file coords.cif (mmCIF, C-alpha atoms and all ligand atoms)
data_data
loop_
_atom_site.label_atom_id
_atom_site.label_comp_id
_atom_site.auth_asym_id
_atom_site.auth_seq_id
_atom_site.Cartn_x
_atom_site.Cartn_y
_atom_site.Cartn_z
CA MET A 1330 0.09 -50.04 -15.99
CA SER A 1331 2.67 -47.30 -15.80
CA ALA A 1332 5.67 -48.45 -13.82
CA GLY A 1333 7.58 -45.62 -12.24
CA ALA A 1334 4.82 -43.08 -12.50
CA ILE A 1335 3.22 -41.29 -9.55
CA ASP A 1336 -0.21 -39.91 -8.66
CA LEU A 1337 -0.40 -36.65 -6.71
CA HIS A 1338 -4.20 -36.26 -6.48
CA THR A 1339 -6.43 -38.89 -4.87
CA HIS A 1340 -9.31 -39.12 -2.40
CA THR A 1341 -10.13 -41.76 0.22
CA THR A 1342 -13.05 -42.67 2.47
CA HIS A 1343 -11.93 -39.80 4.75
CA SER A 1344 -13.54 -37.45 2.21
CA ASP A 1345 -15.43 -38.48 -0.91
CA GLY A 1346 -13.41 -41.41 -2.24
CA SER A 1347 -14.52 -45.04 -1.96
CA ALA A 1348 -11.15 -46.65 -1.11
CA SER A 1349 -9.67 -46.63 2.38
CA PRO A 1350 -6.15 -45.18 2.68
CA GLU A 1351 -4.73 -48.70 2.94
CA GLU A 1352 -6.67 -49.95 -0.10
CA LEU A 1353 -5.61 -46.92 -2.12
CA ILE A 1354 -1.92 -47.20 -1.22
CA GLY A 1355 -1.98 -50.93 -1.99
CA ALA A 1356 -3.69 -50.35 -5.33
CA ALA A 1357 -1.18 -47.65 -6.29
CA ARG A 1358 1.64 -50.10 -5.54
CA LEU A 1359 -0.03 -52.80 -7.65
CA ASN A 1360 -0.30 -50.26 -10.47
CA GLY A 1361 3.47 -49.87 -10.38
CA ALA A 1362 3.47 -46.35 -8.94
CA LEU A 1363 6.53 -45.11 -7.06
CA ALA A 1364 4.64 -42.58 -4.98
CA VAL A 1365 1.07 -41.53 -4.25
CA ALA A 1366 -0.34 -38.45 -2.55
CA ILE A 1367 -3.66 -38.49 -0.72
CA THR A 1368 -5.39 -35.12 -1.08
CA ASP A 1369 -8.70 -35.46 0.72
CA HIS A 1370 -10.98 -32.42 0.91
CA ASP A 1371 -10.49 -30.47 4.16
CA THR A 1372 -8.98 -33.34 6.17
CA VAL A 1373 -5.67 -34.95 7.06
CA GLY A 1374 -7.46 -37.92 8.65
CA SER A 1375 -5.94 -40.49 6.28
CA PHE A 1376 -2.29 -39.82 7.05
CA ALA A 1377 -1.63 -42.24 9.91
CA GLU A 1378 -3.14 -45.25 8.12
CA ALA A 1379 -1.55 -44.19 4.82
CA ARG A 1380 1.93 -43.95 6.35
CA ALA A 1381 1.67 -47.41 7.86
CA ALA A 1382 0.44 -48.84 4.54
CA SER A 1383 3.18 -47.09 2.58
CA GLU A 1384 5.83 -48.74 4.76
CA ARG A 1385 4.21 -52.12 4.48
CA PHE A 1386 3.73 -51.98 0.70
CA GLY A 1387 7.00 -50.19 -0.10
CA ILE A 1388 5.61 -47.14 -1.87
CA GLU A 1389 6.20 -43.50 -1.01
CA PHE A 1390 3.30 -41.61 0.56
CA VAL A 1391 2.93 -37.84 0.16
CA PRO A 1392 0.66 -36.14 2.71
CA GLY A 1393 -1.67 -33.75 0.92
CA ILE A 1394 -4.92 -31.84 1.20
CA GLU A 1395 -7.39 -30.11 -1.14
CA ILE A 1396 -9.01 -26.84 -0.12
CA SER A 1397 -11.97 -25.22 -1.94
CA ALA A 1398 -11.33 -21.48 -2.37
CA GLU A 1399 -13.69 -18.59 -3.00
CA PHE A 1400 -13.93 -17.96 -6.72
CA SER A 1401 -16.82 -16.35 -8.51
CA SER A 1402 -16.88 -17.84 -11.99
CA GLY A 1403 -15.95 -21.52 -11.70
CA THR A 1404 -14.36 -23.81 -9.13
CA MET A 1405 -10.99 -23.07 -7.54
CA HIS A 1406 -9.33 -25.83 -5.55
CA ILE A 1407 -5.87 -25.49 -4.03
CA LEU A 1408 -3.80 -28.58 -3.25
CA GLY A 1409 -1.33 -28.56 -0.37
CA TYR A 1410 1.58 -31.01 -0.36
CA CYS A 1411 3.89 -32.09 2.46
CA VAL A 1412 1.68 -30.37 5.03
CA ASP A 1413 2.42 -30.90 8.71
CA GLU A 1414 -0.82 -32.26 10.14
CA THR A 1415 0.21 -31.27 13.66
CA SER A 1416 0.09 -27.57 12.73
CA ALA A 1417 -2.32 -25.88 15.14
CA GLN A 1418 -3.39 -23.34 12.53
CA LEU A 1419 -4.21 -26.06 10.05
CA THR A 1420 -6.18 -28.08 12.60
CA GLU A 1421 -8.17 -25.06 13.67
CA LYS A 1422 -9.01 -23.96 10.14
CA LEU A 1423 -9.96 -27.48 9.02
CA ASP A 1424 -12.33 -27.61 11.95
CA GLU A 1425 -14.00 -24.41 10.76
CA LEU A 1426 -14.31 -25.77 7.24
CA LYS A 1427 -15.92 -28.93 8.63
CA HIS A 1428 -18.41 -26.77 10.50
CA ALA A 1429 -19.15 -24.88 7.30
CA ARG A 1430 -20.10 -28.23 5.74
CA GLU A 1431 -22.28 -29.06 8.75
CA GLU A 1432 -24.13 -25.78 8.20
CA ARG A 1433 -24.69 -26.43 4.53
CA ASN A 1434 -25.36 -30.15 4.31
CA PRO A 1435 -28.66 -30.29 6.24
CA GLN A 1436 -29.93 -27.45 4.04
CA MET A 1437 -29.23 -29.53 0.95
CA ALA A 1438 -31.11 -32.45 2.51
CA SER A 1439 -34.11 -30.15 3.19
CA LEU A 1440 -34.11 -28.92 -0.38
CA LEU A 1441 -34.06 -32.49 -1.69
CA GLN A 1442 -36.94 -33.36 0.64
CA SER A 1443 -38.92 -30.38 -0.57
CA LEU A 1444 -38.40 -31.72 -4.09
CA GLY A 1445 -39.99 -35.00 -2.97
CA LEU A 1446 -36.85 -37.10 -2.47
CA ASP A 1447 -36.60 -39.11 0.74
CA ILE A 1448 -33.02 -38.10 1.58
CA SER A 1449 -32.19 -37.36 5.21
CA TYR A 1450 -28.93 -35.82 6.29
CA ASP A 1451 -28.43 -38.55 8.91
CA GLU A 1452 -28.53 -41.20 6.22
CA VAL A 1453 -26.06 -39.27 4.06
CA ALA A 1454 -23.68 -38.81 7.00
CA ARG A 1455 -23.95 -42.50 7.86
CA LEU A 1456 -23.13 -43.44 4.27
CA ALA A 1457 -20.14 -41.05 4.21
CA GLY A 1458 -18.92 -42.77 7.37
CA ASN A 1459 -16.02 -40.43 8.08
CA GLU A 1460 -15.23 -36.84 9.01
CA ILE A 1461 -16.03 -35.11 5.71
CA VAL A 1462 -19.51 -35.23 4.19
CA GLY A 1463 -19.89 -33.82 0.68
CA ARG A 1464 -22.18 -33.71 -2.31
CA PRO A 1465 -20.89 -37.01 -3.75
CA HIS A 1466 -22.33 -38.77 -0.67
CA PHE A 1467 -25.73 -37.22 -1.34
CA ALA A 1468 -25.38 -38.37 -4.94
CA ARG A 1469 -24.54 -41.93 -3.87
CA LEU A 1470 -27.62 -42.16 -1.63
CA MET A 1471 -29.79 -40.79 -4.44
CA VAL A 1472 -28.47 -43.57 -6.71
CA GLU A 1473 -29.03 -46.20 -4.01
CA LYS A 1474 -32.63 -45.05 -3.56
CA GLY A 1475 -33.25 -45.14 -7.31
CA TYR A 1476 -33.90 -41.41 -7.81
CA VAL A 1477 -31.09 -41.16 -10.37
CA ALA A 1478 -29.14 -43.68 -12.43
CA SER A 1479 -25.67 -42.30 -11.70
CA ILE A 1480 -23.72 -39.94 -9.50
CA GLN A 1481 -23.24 -37.70 -12.52
CA GLU A 1482 -27.01 -37.54 -13.08
CA ALA A 1483 -27.49 -36.53 -9.43
CA PHE A 1484 -25.05 -33.63 -9.94
CA ASP A 1485 -26.49 -32.60 -13.28
CA ARG A 1486 -30.11 -32.60 -12.08
CA PHE A 1487 -29.83 -31.60 -8.41
CA LEU A 1488 -26.39 -30.94 -6.95
CA LYS A 1489 -24.23 -28.90 -9.31
CA LYS A 1490 -23.96 -25.18 -8.77
CA GLY A 1491 -27.23 -23.49 -9.66
CA ALA A 1492 -29.21 -26.76 -9.51
CA ALA A 1493 -32.29 -27.03 -7.30
CA ALA A 1494 -30.67 -28.63 -4.24
CA TYR A 1495 -27.34 -26.80 -4.36
CA VAL A 1496 -26.32 -24.76 -1.33
CA GLU A 1497 -23.08 -22.80 -1.05
CA LYS A 1498 -20.65 -23.43 1.77
CA ALA A 1499 -18.28 -20.96 3.41
CA ARG A 1500 -14.72 -21.06 2.08
CA LEU A 1501 -11.33 -19.45 2.43
CA SER A 1502 -10.14 -16.85 -0.06
CA PRO A 1503 -7.44 -17.99 -2.52
CA ALA A 1504 -4.80 -15.95 -0.66
CA ASP A 1505 -5.82 -17.42 2.72
CA SER A 1506 -5.91 -20.95 1.29
CA ILE A 1507 -2.33 -20.56 0.06
CA ALA A 1508 -1.18 -18.93 3.32
CA LEU A 1509 -2.80 -21.69 5.36
CA ILE A 1510 -0.93 -24.38 3.40
CA HIS A 1511 2.32 -22.43 3.80
CA SER A 1512 1.70 -22.01 7.52
CA ALA A 1513 1.66 -25.82 7.79
CA GLY A 1514 4.96 -26.01 5.88
CA GLY A 1515 3.26 -27.16 2.67
CA VAL A 1516 3.50 -26.44 -1.04
CA ALA A 1517 0.42 -24.80 -2.61
CA VAL A 1518 -0.68 -25.93 -6.07
CA LEU A 1519 -3.60 -24.76 -8.20
CA ALA A 1520 -5.69 -27.90 -8.85
CA HIS A 1521 -7.29 -28.82 -12.20
CA PRO A 1522 -7.27 -25.29 -13.68
CA TYR A 1523 -9.80 -26.19 -16.41
CA GLN A 1524 -12.46 -26.06 -13.67
CA LEU A 1525 -11.85 -22.33 -13.25
CA LYS A 1526 -13.87 -21.98 -16.48
CA LEU A 1527 -11.90 -18.93 -17.53
CA SER A 1528 -13.08 -17.03 -20.58
CA SER A 1529 -9.70 -16.69 -22.28
CA LEU A 1530 -6.08 -17.73 -22.18
CA GLU A 1531 -5.12 -14.17 -21.21
CA ARG A 1532 -7.44 -14.40 -18.21
CA ALA A 1533 -5.70 -17.62 -17.11
CA ASP A 1534 -2.35 -15.90 -17.30
CA GLU A 1535 -3.59 -12.91 -15.28
CA LEU A 1536 -5.14 -15.10 -12.62
CA VAL A 1537 -2.01 -17.23 -12.24
CA ALA A 1538 0.08 -14.05 -11.97
CA GLN A 1539 -2.15 -12.90 -9.12
CA LEU A 1540 -2.05 -16.28 -7.35
CA ALA A 1541 1.74 -16.31 -7.75
CA GLU A 1542 1.82 -13.00 -5.91
CA PHE A 1543 -0.08 -14.68 -3.08
CA GLY A 1544 2.67 -17.30 -3.02
CA LEU A 1545 1.27 -20.10 -5.20
CA ASP A 1546 3.99 -22.70 -5.78
CA GLY A 1547 2.67 -24.73 -8.68
CA ILE A 1548 -0.02 -25.69 -11.18
CA GLU A 1549 -1.57 -29.12 -11.69
CA ALA A 1550 -1.09 -29.03 -15.46
CA ILE A 1551 -1.11 -32.82 -15.87
CA TYR A 1552 -4.65 -33.77 -14.89
CA SER A 1553 -6.81 -36.67 -15.99
CA ARG A 1554 -9.52 -34.47 -17.53
CA HIS A 1555 -7.08 -32.08 -19.23
CA SER A 1556 -6.54 -32.53 -22.95
CA ALA A 1557 -2.98 -32.73 -24.25
CA ALA A 1558 -3.33 -29.10 -25.32
CA GLU A 1559 -4.47 -28.03 -21.85
CA ARG A 1560 -1.59 -29.89 -20.21
CA ALA A 1561 0.89 -28.12 -22.48
CA PHE A 1562 -0.81 -24.74 -22.04
CA TYR A 1563 -0.82 -24.85 -18.23
CA ALA A 1564 2.76 -26.16 -18.13
CA GLU A 1565 3.76 -23.17 -20.24
CA ILE A 1566 1.95 -20.74 -17.93
CA ALA A 1567 3.66 -22.40 -14.96
CA ALA A 1568 7.06 -21.94 -16.59
CA ARG A 1569 6.27 -18.31 -17.41
CA HIS A 1570 5.51 -17.59 -13.74
CA ASN A 1571 8.32 -19.72 -12.40
CA LEU A 1572 5.95 -22.25 -10.83
CA LEU A 1573 6.22 -26.01 -10.41
CA VAL A 1574 4.14 -28.41 -12.47
CA THR A 1575 2.35 -31.30 -10.77
CA GLY A 1576 -0.03 -33.99 -11.91
CA GLY A 1577 -2.64 -36.42 -10.68
CA SER A 1578 -5.74 -38.40 -11.50
CA ASP A 1579 -8.23 -37.07 -8.89
CA TYR A 1580 -9.13 -40.68 -8.22
CA HIS A 1581 -12.36 -41.02 -6.19
CA GLY A 1582 -12.99 -44.75 -6.74
CA SER A 1583 -16.66 -45.48 -7.42
CA TYR A 1584 -17.60 -41.82 -6.92
CA LYS A 1585 -15.86 -41.01 -10.24
CA PRO A 1586 -16.00 -44.40 -11.93
CA ASP A 1587 -14.28 -43.38 -15.17
CA ILE A 1588 -11.07 -42.23 -13.45
CA SER A 1589 -8.39 -44.81 -12.59
CA LEU A 1590 -5.66 -44.43 -10.05
CA VAL A 1591 -2.30 -43.38 -11.58
CA THR A 1592 -3.48 -43.64 -15.21
CA GLY A 1593 -6.53 -41.37 -15.04
CA LEU A 1594 -8.56 -41.80 -18.22
CA GLY A 1595 -5.77 -44.00 -19.61
CA ASP A 1596 -3.31 -41.40 -20.85
CA LEU A 1597 -2.07 -39.92 -17.57
CA GLU A 1598 1.64 -40.18 -16.89
CA VAL A 1599 3.10 -38.13 -14.07
CA PRO A 1600 6.90 -38.45 -13.76
CA TYR A 1601 8.56 -38.88 -10.37
CA ALA A 1602 10.82 -35.86 -11.03
CA LEU A 1603 7.84 -33.54 -10.44
CA LEU A 1604 7.53 -34.85 -6.89
CA GLU A 1605 11.24 -34.26 -6.27
CA ALA A 1606 10.73 -30.61 -7.15
CA VAL A 1607 7.72 -30.39 -4.79
CA LYS A 1608 9.72 -31.92 -1.94
CA ALA A 1609 12.65 -29.59 -2.61
CA ARG A 1610 10.25 -26.64 -2.44
CA ALA A 1611 8.77 -27.91 0.83
CA ALA A 1612 12.25 -28.37 2.32
CA SER A 1613 13.22 -24.82 1.39
CA ARG A 1614 9.97 -23.35 2.70
CA ALA A 1615 10.75 -20.60 5.17
CA ARG A 1616 8.92 -20.34 8.47
CA PRO A 1617 5.26 -19.31 8.24
CA PRO A 1618 4.76 -15.59 7.58
CA LEU A 1619 4.85 -13.69 10.86
CA GLY A 1620 1.47 -12.66 12.14
CA PHE A 1621 -0.58 -14.90 9.84
CA ASP A 1622 -3.68 -15.85 11.78
CA GLY A 1623 -5.08 -18.50 9.45
CA GLY A 1624 -7.42 -16.27 7.46
CA GLN A 1625 -11.15 -15.93 7.61
CA VAL A 1626 -13.75 -18.39 6.40
CA PHE A 1627 -16.13 -16.31 4.33
CA GLY A 1628 -19.87 -16.74 4.28
CA ALA A 1629 -21.48 -18.72 1.49
CA GLY A 1630 -22.28 -16.89 -1.70
CA GLU A 1631 -19.70 -17.46 -4.37
CA GLY A 1632 -19.24 -20.09 -6.95
CA ASP A 1633 -18.47 -23.75 -7.14
CA ARG A 1634 -19.23 -25.33 -10.44
CA GLN A 1635 -17.54 -28.11 -12.27
CA THR A 1636 -18.08 -31.07 -14.48
P1 LIG A 1701 -18.46 -30.52 -1.95
O1 LIG A 1701 -17.07 -30.40 -1.40
O2 LIG A 1701 -19.40 -31.17 -1.01
O3 LIG A 1701 -18.99 -29.23 -2.51
O4 LIG A 1701 -18.34 -31.55 -3.19
C1 LIG A 1701 -17.37 -31.31 -4.15
C2 LIG A 1701 -17.00 -32.61 -4.83
O5 LIG A 1701 -18.10 -33.06 -5.61
C3 LIG A 1701 -15.88 -32.44 -5.85
O6 LIG A 1701 -14.62 -32.61 -5.29
C4 LIG A 1701 -16.16 -33.53 -6.81
O7 LIG A 1701 -15.69 -34.74 -6.27
C5 LIG A 1701 -17.67 -33.58 -6.85
N1 LIG A 1701 -18.29 -32.73 -7.90
C6 LIG A 1701 -18.46 -31.38 -7.87
N2 LIG A 1701 -19.13 -30.94 -8.96
C7 LIG A 1701 -19.38 -32.04 -9.71
C8 LIG A 1701 -20.05 -32.26 -10.95
N3 LIG A 1701 -20.61 -31.25 -11.65
N4 LIG A 1701 -20.11 -33.52 -11.40
C9 LIG A 1701 -19.57 -34.56 -10.70
N5 LIG A 1701 -18.94 -34.42 -9.52
C10 LIG A 1701 -18.84 -33.18 -9.03
ZN ZN A 1702 -14.02 -34.81 -4.31
FE FE A 1703 -10.93 -30.68 -6.83
FE FE A 1704 -9.84 -33.70 -5.85
#
call {"tool": "encode", "arguments": {"input": "coords.cif", "output": "structure tokens"}}
result
Amino acid sequence: MSAGAIDLHTHTTHSDGSASPEELIGAARLNGALAVAITDHDTVGSFAEARAASERFGIEFVPGIEISAEFSSGTMHILGYCVDETSAQLTEKLDELKHAREERNPQMASLLQSLGLDISYDEVARLAGNEIVGRPHFARLMVEKGYVASIQEAFDRFLKKGAAAYVEKARLSPADSIALIHSAGGVAVLAHPYQLKLSSLERADELVAQLAEFGLDGIEAIYSRHSAAERAFYAEIAARHNLLVTGGSDYHGSYKPDISLVTGLGDLEVPYALLEAVKARAASRARPPLGFDGGQVFGAGEGDRQT
């Protein structure tokens, strides 16, 4: 219970979470949160239901999205807040990213079959049930069929980067991910920076400096899987580069069973003031850069690895 806190990073059944938008908004309200953002991967499909639920339950809803960017060493995800889901550029690019998943997902099913697992893509898509199908849905089916004991085991043995059934998917570059979010009037935030798996603190500083040049607005320093030291370190880097700090749990319901909404692993506390700064930044956002065409979705090939 953390009355007055907020959660700026959650997933619903529209991507790889297990709670519907309405269930998630209701649960956040029960947990005493003042505001909750939904940040599904590559989709804004939750927004209409989430808005209606937020009015009914009396809790603020923040429309968000999470985009996977090209990054060679670890995983780079960029969160977009206060995005306008009617933006034509956003709609078009999200469609391309969905197609990139549709290219990659059947290949993962084939690899699993060649390893002797009876996993068809149709079954995975049926289980996912909504517009975005991702590796956690494969993992869930593998648990249901008894091939592995947990979603984590499915990732560790088959689905994580470099594992036998892993297949890359096409992504946007970091600069294009940020520009896309800006083009939809949103605020771009580097998600869970520990997943970048950077070799040194200096490297983190360099990378953030480069992303800031691309227009990055903030860093998710307060993250459920960040230690207290990591939270302080990334908040300091954010301050050094004049960036906002945000925070969230990355709640996925039963797909990440150890992470609770709003409280994360138990010690998460994200103050409402951080959201005020995000909204102020969104309100001051100038028009989209002239001539930006939405960027190019690159072919598969570069890294996505996380724990
Ligand atoms: P996808 O977008 O299909 O590549 O799946 C990415 C999602 O899978 C992430 O957002 C996480 O929810 C989950 N995931 C990725 N890597 C791991 C891992 N090593 N262990 C557990 N979950 C993971
Ligand atoms: Zn996810
Ligand atoms: Fe992420
Ligand atoms: Fe996430």
call {"tool": "residues_near_ligand", "arguments": {"input": "coords.cif", "ligand": "ligand ZN 1702 (chain A)", "cutoff": "10 Å", "atoms": "only C-alpha atoms and all ligand atoms", "output": "list in words"}}
result
Thr1339, His1340, Thr1341, Ser1344, Asp1345, Gly1346, Thr1368, Asp1369, His1370, Glu1395, Gly1463, Arg1464, Pro1465, His1466, Asp1579, Tyr1580, His1581, Tyr1584 and Lys1585 of chain A
call {"tool": "closest_residue", "arguments": {"input": "coords.cif", "among": "A:Leu1363, A:Ala1398, A:Leu1540, A:Ala1348", "to": "ligand LIG 1701 (chain A)", "atoms": "only C-alpha atoms and all ligand atoms"}}
result
A:Ala1398
call {"tool": "atom_distance", "arguments": {"input": "coords.cif", "atom1": "CA of Ala1362 in chain A", "atom2": "CA of Ile1588 in chain A"}}
result
15.8 Å
call {"tool": "residues_around", "arguments": {"input": "coords.cif", "residues": "Ser1347 in chain A", "least_positions_apart": "4", "cutoff": "6 Å", "atoms": "all atoms listed in the file", "output": "list in words"}}
result
Thr1341, Thr1342, Gly1582 and Ser1583 of chain A
call {"tool": "closest_residue", "arguments": {"input": "coords.cif", "among": "A:Glu1549, A:Glu1605, A:Glu1559, A:Glu1389", "to": "ligand FE 1704 (chain A)", "atoms": "all atoms listed in the file"}}
result
A:Glu1549
call {"tool": "atom_distance", "arguments": {"input": "coords.cif", "atom1": "CA of Leu1488 in chain A", "atom2": "atom N3 of ligand LIG 1701 (chain A)"}}
result
7.5 Å
call {"tool": "residues_around", "arguments": {"input": "coords.cif", "residues": "Phe1543 in chain A", "least_positions_apart": "6", "cutoff": "9 Å", "atoms": "all atoms listed in the file", "output": "PyMOL selection string"}}
result
chain A and resi 1503-1505+1507-1508
call {"tool": "closest_residue", "arguments": {"input": "coords.cif", "among": "A:Ile1335, A:Leu1597, A:Leu1572, A:Leu1527", "to": "His1555 in chain A", "atoms": "all atoms listed in the file"}}
result
A:Leu1597
call {"tool": "closest_residue", "arguments": {"input": "coords.cif", "among": "A:Tyr1601, A:Phe1484, A:Tyr1563, A:Tyr1523", "to": "ligand LIG 1701 (chain A)", "atoms": "all atoms listed in the file"}}
result
A:Phe1484
call {"tool": "residues_near_ligand", "arguments": {"input": "coords.cif", "ligand": "ligand FE 1703 (chain A)", "cutoff": "9 Å", "atoms": "only C-alpha atoms and all ligand atoms", "output": "list in words"}}
result
His1338, His1370, Glu1395, Ile1396, Ser1397, Thr1404, Met1405, His1406, Ile1407, Leu1408, Ala1520, His1521, Gln1524, Asp1579 and Gln1635 of chain A
call {"tool": "atom_distance", "arguments": {"input": "coords.cif", "atom1": "CA of Val1591 in chain A", "atom2": "CA of Phe1386 in chain A"}}
result
16.2 Å
call {"tool": "residues_around", "arguments": {"input": "coords.cif", "residues": "Leu1530 in chain A", "least_positions_apart": "3", "cutoff": "10 Å", "atoms": "all atoms listed in the file", "output": "CSV table (one decimal) with C-alpha atoms, in the coordinates of the input"}}
result
chain,number,residue,atom,x,y,z
A,1527,LEU,CA,-11.9,-18.9,-17.5
A,1533,ALA,CA,-5.7,-17.6,-17.1
A,1534,ASP,CA,-2.4,-15.9,-17.3
A,1535,GLU,CA,-3.6,-12.9,-15.3
A,1536,LEU,CA,-5.1,-15.1,-12.6
A,1562,PHE,CA,-0.8,-24.7,-22.0
A,1563,TYR,CA,-0.8,-24.8,-18.2
A,1566,ILE,CA,2.0,-20.7,-17.9
call {"tool": "closest_residue", "arguments": {"input": "coords.cif", "among": "A:Arg1532, A:Lys1489, A:His1343, A:Arg1554", "to": "ligand LIG 1701 (chain A)", "atoms": "only C-alpha atoms and all ligand atoms"}}
result
A:Lys1489
